[in-house]
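What follows is the content of structure-v4.pdb (PDB, C-alpha atoms).
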```pdb
ATOM      1  CA  MET A 556      14.929  61.542  38.808
ATOM      2  CA  GLN A 557      14.104  58.788  36.365
ATOM      3  CA  SER A 558      13.449  59.713  32.761
ATOM      4  CA  LEU A 559       9.914  59.695  31.411
ATOM      5  CA  TRP A 560       8.485  57.712  28.538
ATOM      6  CA  GLN A 561       8.893  59.642  25.262
ATOM      7  CA  ASN A 562       7.007  59.505  21.971
ATOM      8  CA  ARG A 563      10.234  60.074  20.012
ATOM      9  CA  LEU A 564      13.509  58.204  19.987
ATOM     10  CA  SER A 565      16.833  59.812  20.726
ATOM     11  CA  GLU A 566      19.868  59.244  18.536
ATOM     12  CA  SER A 567      21.497  57.105  21.231
ATOM     13  CA  CYS A 568      19.373  54.098  20.304
ATOM     14  CA  ALA A 569      20.520  53.780  16.682
ATOM     15  CA  ARG A 570      21.241  50.040  16.827
ATOM     16  CA  TYR A 571      17.856  49.279  18.417
ATOM     17  CA  ARG A 572      15.866  51.669  16.212
ATOM     18  CA  PRO A 573      14.566  49.051  13.706
ATOM     19  CA  TRP A 574      13.258  46.917  16.575
ATOM     20  CA  LEU A 575      11.811  49.815  18.555
ATOM     21  CA  LEU A 576       9.961  51.455  15.665
ATOM     22  CA  ASP A 577       8.367  48.378  14.086
ATOM     23  CA  ARG A 578       4.609  48.547  14.747
ATOM     24  CA  GLY A 579       3.969  44.968  13.669
ATOM     25  CA  SER A 580       4.014  41.898  15.867
ATOM     26  CA  LEU A 581       7.364  41.619  17.656
ATOM     27  CA  THR A 582       6.593  37.952  18.301
ATOM     28  CA  ARG A 583       6.125  37.309  14.587
ATOM     29  CA  ARG A 584       9.231  39.300  13.670
ATOM     30  CA  ILE A 585      11.353  37.174  16.011
ATOM     31  CA  GLN A 586       9.722  33.913  14.873
ATOM     32  CA  VAL A 587      10.627  34.675  11.241
ATOM     33  CA  ARG A 588      14.285  35.088  12.274
ATOM     34  CA  CYS A 589      14.444  32.265  14.807
ATOM     35  CA  ALA A 590      13.350  28.659  14.302
ATOM     36  CA  ALA A 591      13.577  27.874  18.027
ATOM     37  CA  PHE A 592      11.289  30.623  19.384
ATOM     38  CA  SER A 593       9.740  30.173  22.831
ATOM     39  CA  VAL A 594       8.015  32.071  25.618
ATOM     40  CA  ARG A 595       9.527  31.295  29.033
ATOM     41  CA  HIS A 596       9.548  32.286  32.691
ATOM     42  CA  VAL A 597       5.876  33.175  32.567
ATOM     43  CA  GLN A 598       4.658  34.906  35.708
ATOM     44  CA  GLN A 599       1.048  35.991  36.030
ATOM     45  CA  ARG A 600      -0.395  37.577  39.118
ATOM     46  CA  HIS A 601      -3.113  39.966  40.150
ATOM     47  CA  GLY A 602      -1.601  43.116  41.542
ATOM     48  CA  MET A 603      -1.152  46.847  41.342
ATOM     49  CA  ALA A 604       0.222  48.369  38.180
ATOM     50  CA  MET A 605       2.820  51.142  38.364
ATOM     51  CA  PRO A 606       1.360  54.691  38.387
ATOM     52  CA  SER A 607       2.347  55.447  34.772
ATOM     53  CA  GLU A 608       0.817  52.127  33.686
ATOM     54  CA  ARG A 609      -2.426  52.842  35.538
ATOM     55  CA  ARG A 610      -2.721  56.156  33.716
ATOM     56  CA  MET A 611      -2.271  54.523  30.325
ATOM     57  CA  VAL A 612      -5.102  52.016  30.848
ATOM     58  CA  ALA A 613      -7.293  54.304  32.997
ATOM     59  CA  LEU A 614      -7.075  52.125  36.118
ATOM     60  CA  LYS A 615      -8.223  53.681  39.368
ATOM     61  CA  HIS A 616      -5.592  54.000  42.104
ATOM     62  CA  HIS A 617      -6.575  50.882  44.065
ATOM     63  CA  SER A 618      -7.730  48.790  41.116
ATOM     64  CA  ARG A 619      -5.932  45.548  40.510
ATOM     65  CA  ALA A 620      -4.964  44.120  37.161
ATOM     66  CA  LEU A 621      -3.536  40.922  35.786
ATOM     67  CA  LEU A 622       0.209  41.512  35.438
ATOM     68  CA  ARG A 623       2.009  39.195  33.012
ATOM     69  CA  ASP A 624       5.787  38.953  32.680
ATOM     70  CA  VAL A 625       7.480  36.722  30.113
ATOM     71  CA  PHE A 626      10.732  36.399  28.229
ATOM     72  CA  LEU A 627      10.905  35.763  24.482
ATOM     73  CA  TYR A 628      13.729  33.384  23.627
ATOM     74  CA  CYS A 629      15.550  32.226  20.522
ATOM     75  CA  GLY A 630      16.926  28.837  21.473
ATOM     76  CA  GLU A 631      18.608  29.372  24.831
ATOM     77  CA  THR A 632      19.060  33.112  24.324
ATOM     78  CA  PRO A 633      16.685  35.630  25.930
ATOM     79  CA  LEU A 634      15.842  38.461  23.523
ATOM     80  CA  VAL A 635      12.955  40.410  25.040
ATOM     81  CA  PHE A 636      11.322  40.864  28.416
ATOM     82  CA  ALA A 637       7.609  41.599  28.006
ATOM     83  CA  HIS A 638       5.442  43.080  30.751
ATOM     84  CA  SER A 639       1.695  43.407  30.229
ATOM     85  CA  VAL A 640      -1.047  45.044  32.273
ATOM     86  CA  LEU A 641      -4.471  43.568  31.669
ATOM     87  CA  PRO A 642      -7.196  45.379  33.629
ATOM     88  CA  ALA A 643      -9.861  43.028  34.987
ATOM     89  CA  THR A 644     -12.459  44.887  32.930
ATOM     90  CA  SER A 645     -10.534  44.003  29.761
ATOM     91  CA  LEU A 646     -10.613  40.259  30.436
ATOM     92  CA  HIS A 647     -14.204  39.846  29.257
ATOM     93  CA  GLY A 648     -15.794  39.015  25.943
ATOM     94  CA  THR A 649     -13.329  38.444  23.132
ATOM     95  CA  TRP A 650     -10.325  38.869  25.426
ATOM     96  CA  GLN A 651     -11.446  36.641  28.310
ATOM     97  CA  SER A 652      -8.997  33.905  27.266
ATOM     98  CA  LEU A 653      -5.995  36.243  27.571
ATOM     99  CA  GLY A 654      -5.798  35.534  31.286
ATOM    100  CA  ARG A 655      -5.035  31.890  30.471
ATOM    101  CA  LEU A 656      -2.333  32.186  27.813
ATOM    102  CA  GLY A 657       0.384  30.397  29.766
ATOM    103  CA  SER A 658       3.435  30.103  27.512
ATOM    104  CA  LYS A 659       1.574  31.243  24.395
ATOM    105  CA  PRO A 660       2.652  34.679  23.153
ATOM    106  CA  LEU A 661       0.257  37.555  23.847
ATOM    107  CA  GLY A 662       1.378  39.200  20.605
ATOM    108  CA  ALA A 663      -0.077  36.367  18.542
ATOM    109  CA  ALA A 664      -3.490  36.919  20.134
ATOM    110  CA  LEU A 665      -3.339  40.698  19.718
ATOM    111  CA  PHE A 666      -2.253  40.717  16.090
ATOM    112  CA  SER A 667      -4.556  37.901  14.946
ATOM    113  CA  ASN A 668      -7.646  40.080  15.382
ATOM    114  CA  PRO A 669      -7.962  42.851  12.754
ATOM    115  CA  ARG A 670     -10.308  44.827  15.060
ATOM    116  CA  VAL A 671      -7.531  45.400  17.609
ATOM    117  CA  GLN A 672      -6.179  48.951  17.520
ATOM    118  CA  ARG A 673      -2.776  50.008  18.791
ATOM    119  CA  THR A 674      -1.901  53.415  20.198
ATOM    120  CA  ALA A 675       1.329  55.265  19.492
ATOM    121  CA  LEU A 676       4.573  53.768  20.719
ATOM    122  CA  HIS A 677       6.408  55.339  23.667
ATOM    123  CA  PHE A 678      10.077  54.755  24.404
ATOM    124  CA  LYS A 679      12.390  54.824  27.377
ATOM    125  CA  LYS A 680      16.022  54.082  28.077
ATOM    126  CA  LEU A 681      15.829  52.059  31.294
ATOM    127  CA  ASN A 682      18.557  52.064  33.920
ATOM    128  CA  ARG A 683      19.266  50.184  37.133
ATOM    129  CA  ARG A 684      16.708  52.230  39.099
ATOM    130  CA  ASP A 685      13.805  51.093  36.877
ATOM    131  CA  ALA A 686      11.755  48.119  38.071
ATOM    132  CA  LEU A 687      11.391  46.959  34.458
ATOM    133  CA  TYR A 688      15.168  47.011  34.018
ATOM    134  CA  GLN A 689      15.599  44.939  37.166
ATOM    135  CA  SER A 690      13.015  42.369  36.024
ATOM    136  CA  ALA A 691      14.501  42.164  32.541
ATOM    137  CA  CYS A 692      18.013  41.587  33.878
ATOM    138  CA  THR A 693      17.097  38.534  35.964
ATOM    139  CA  VAL A 694      18.140  36.268  33.071
ATOM    140  CA  LEU A 695      21.258  38.200  32.050
ATOM    141  CA  PRO A 696      24.616  37.094  33.465
ATOM    142  CA  ASN A 697      26.205  40.490  32.674
ATOM    143  CA  PRO A 698      23.518  43.190  32.627
ATOM    144  CA  PRO A 699      24.330  46.283  30.574
ATOM    145  CA  ALA A 700      24.140  49.780  32.071
ATOM    146  CA  SER A 701      20.838  50.429  30.286
ATOM    147  CA  LEU A 702      18.160  48.766  28.165
ATOM    148  CA  TRP A 703      15.754  50.195  25.597
ATOM    149  CA  ALA A 704      12.020  49.634  25.984
ATOM    150  CA  ARG A 705       8.840  50.526  24.178
ATOM    151  CA  ARG A 706       5.205  50.357  25.168
ATOM    152  CA  SER A 707       1.766  50.926  23.746
ATOM    153  CA  VAL A 708      -1.863  50.204  24.521
ATOM    154  CA  PHE A 709      -3.957  47.792  22.492
ATOM    155  CA  TYR A 710      -7.736  48.265  22.370
ATOM    156  CA  LEU A 711     -10.526  45.910  21.423
ATOM    157  CA  GLU A 712     -14.101  47.058  21.912
ATOM    158  CA  GLY A 713     -12.834  49.891  24.130
ATOM    159  CA  ARG A 714     -10.942  47.536  26.453
ATOM    160  CA  PRO A 715      -7.239  48.366  26.949
ATOM    161  CA  ILE A 716      -4.171  46.199  27.443
ATOM    162  CA  LEU A 717      -0.759  47.771  28.003
ATOM    163  CA  VAL A 718       2.230  45.931  26.567
ATOM    164  CA  THR A 719       5.803  46.918  27.404
ATOM    165  CA  GLU A 720       8.734  45.259  25.617
ATOM    166  CA  VAL A 721      12.272  45.561  26.929
ATOM    167  CA  PHE A 722      14.932  44.697  24.356
ATOM    168  CA  LEU A 723      17.819  42.638  25.671
ATOM    169  CA  PRO A 724      21.272  42.993  24.050
ATOM    170  CA  GLU A 725      21.131  39.684  22.149
ATOM    171  CA  ILE A 726      18.208  40.947  20.038
ATOM    172  CA  LEU A 727      20.876  42.766  18.011
ATOM    173  CA  GLU A 728      22.299  39.406  16.916
ATOM    174  CA  LEU A 729      19.122  38.733  14.905
ATOM    175  CA  ARG A 730      19.009  40.528  11.596
ATOM    176  CA  SER A 731      16.629  43.442  11.965
TER     177      SER A 731
END
```
Would you mind writing the file out in structure tokens?
Amino acid sequence: MQSLWQNRLSESCARYRPWLLDRGSLTRRIQVRCAAFSVRHVQQRHGMAMPSERRMVALKHHSRALLRDVFLYCGETPLVFAHSVLPATSLHGTWQSLGRLGSKPLGAALFSNPRVQRTALHFKKLNRRDALYQSACTVLPNPPASLWARRSVFYLEGRPILVTEVFLPEILELRS
């Protein structure tokens, strides 16, 4: 059985702890430490979110959402795999442009609006059986046995967006 998302971190993530617990913009935190920041391998599609994701954004079983997968890079080094679930009902009003971000970071849009509220962070140590692990490892020549991830929901005017960030090993090379 795969482990569940937790609201507390275990001691086994000590090296990743500063990255996992920071509630500010991960995009901004990386940009401050990396002059050659970029968003790459953008994939956006309408599809079905995973069951645990649907619960977090209150999506009905057969409802589709915009699923966005990107990698955050420093130079030629991938640091983070980000997976977002944007329910169709959330892509209206202030957030209607989020469906057309392309290679712009979602974090910049979320943290630029002071009315956006973020829920508590949840954490998970991903392994080879996790779909998120498999997606994150597509750019890694030597995938590790596990990867740490966090996720939370952002709300604006009652509209949710789920953001999951999977930390790749090279993130530890940046000063935390």
- Go through the shown structure with the PyMOL selection byres ((chain A and resi 668-671) around 10) and write out the matching residues as a list of chain:residue names.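 So the PyMOL selection byres ((chain A and resi 668-671) around 10), applied here, picks out A:Thr649, A:Ala663, A:Ala664, A:Leu665, A:Phe666, A:Ser667, A:Gln672, A:Arg673, A:Phe709, A:Tyr710, A:Leu711, A:Glu712, A:Gly713, A:Arg714, A:Pro715.
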- Could you please determine the separation between atom CA of A:Pro642 and atom CA of A:Val612 in Å, to one decimal place?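 Separating atom CA of A:Pro642 from atom CA of A:Val612 is a distance of 7.5 Å.
The residue that comes closest to A:Thr719, out of A:Val625, A:Leu695, A:Ala569, A:Ile585 and on the basis of only C-alpha atoms, is A:Val625.
Rounded to one decimal, atom CA of A:Ala691 and atom CA of A:Phe626 lie 8.1 Å from each other.
Here atom CA of A:Lys615 stands at a distance of 20.8 Å from atom CA of A:Ala686.
Minimum atom-to-atom distance to A:Pro699, evaluated using all atoms listed in the file, belongs to A:Leu681 out of A:Leu564, A:Val594, A:Leu646, A:Leu681.
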- Query: Taking into account all atoms listed in the file, which residue in the set A:Ala675, A:Trp560, A:Pro698, A:Leu581 is nearest to A:Leu661?
  - Reply: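 Selected residue with least distance to A:Leu661: A:Leu581.
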- Message: I need the residue nearest A:Val640 from this list: A:Arg600, A:Arg684, A:Arg595, A:Arg584. Use all atoms listed in the file for the distance.
- Response: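 Of the candidates, the smallest distance to A:Val640 is held by A:Arg600.
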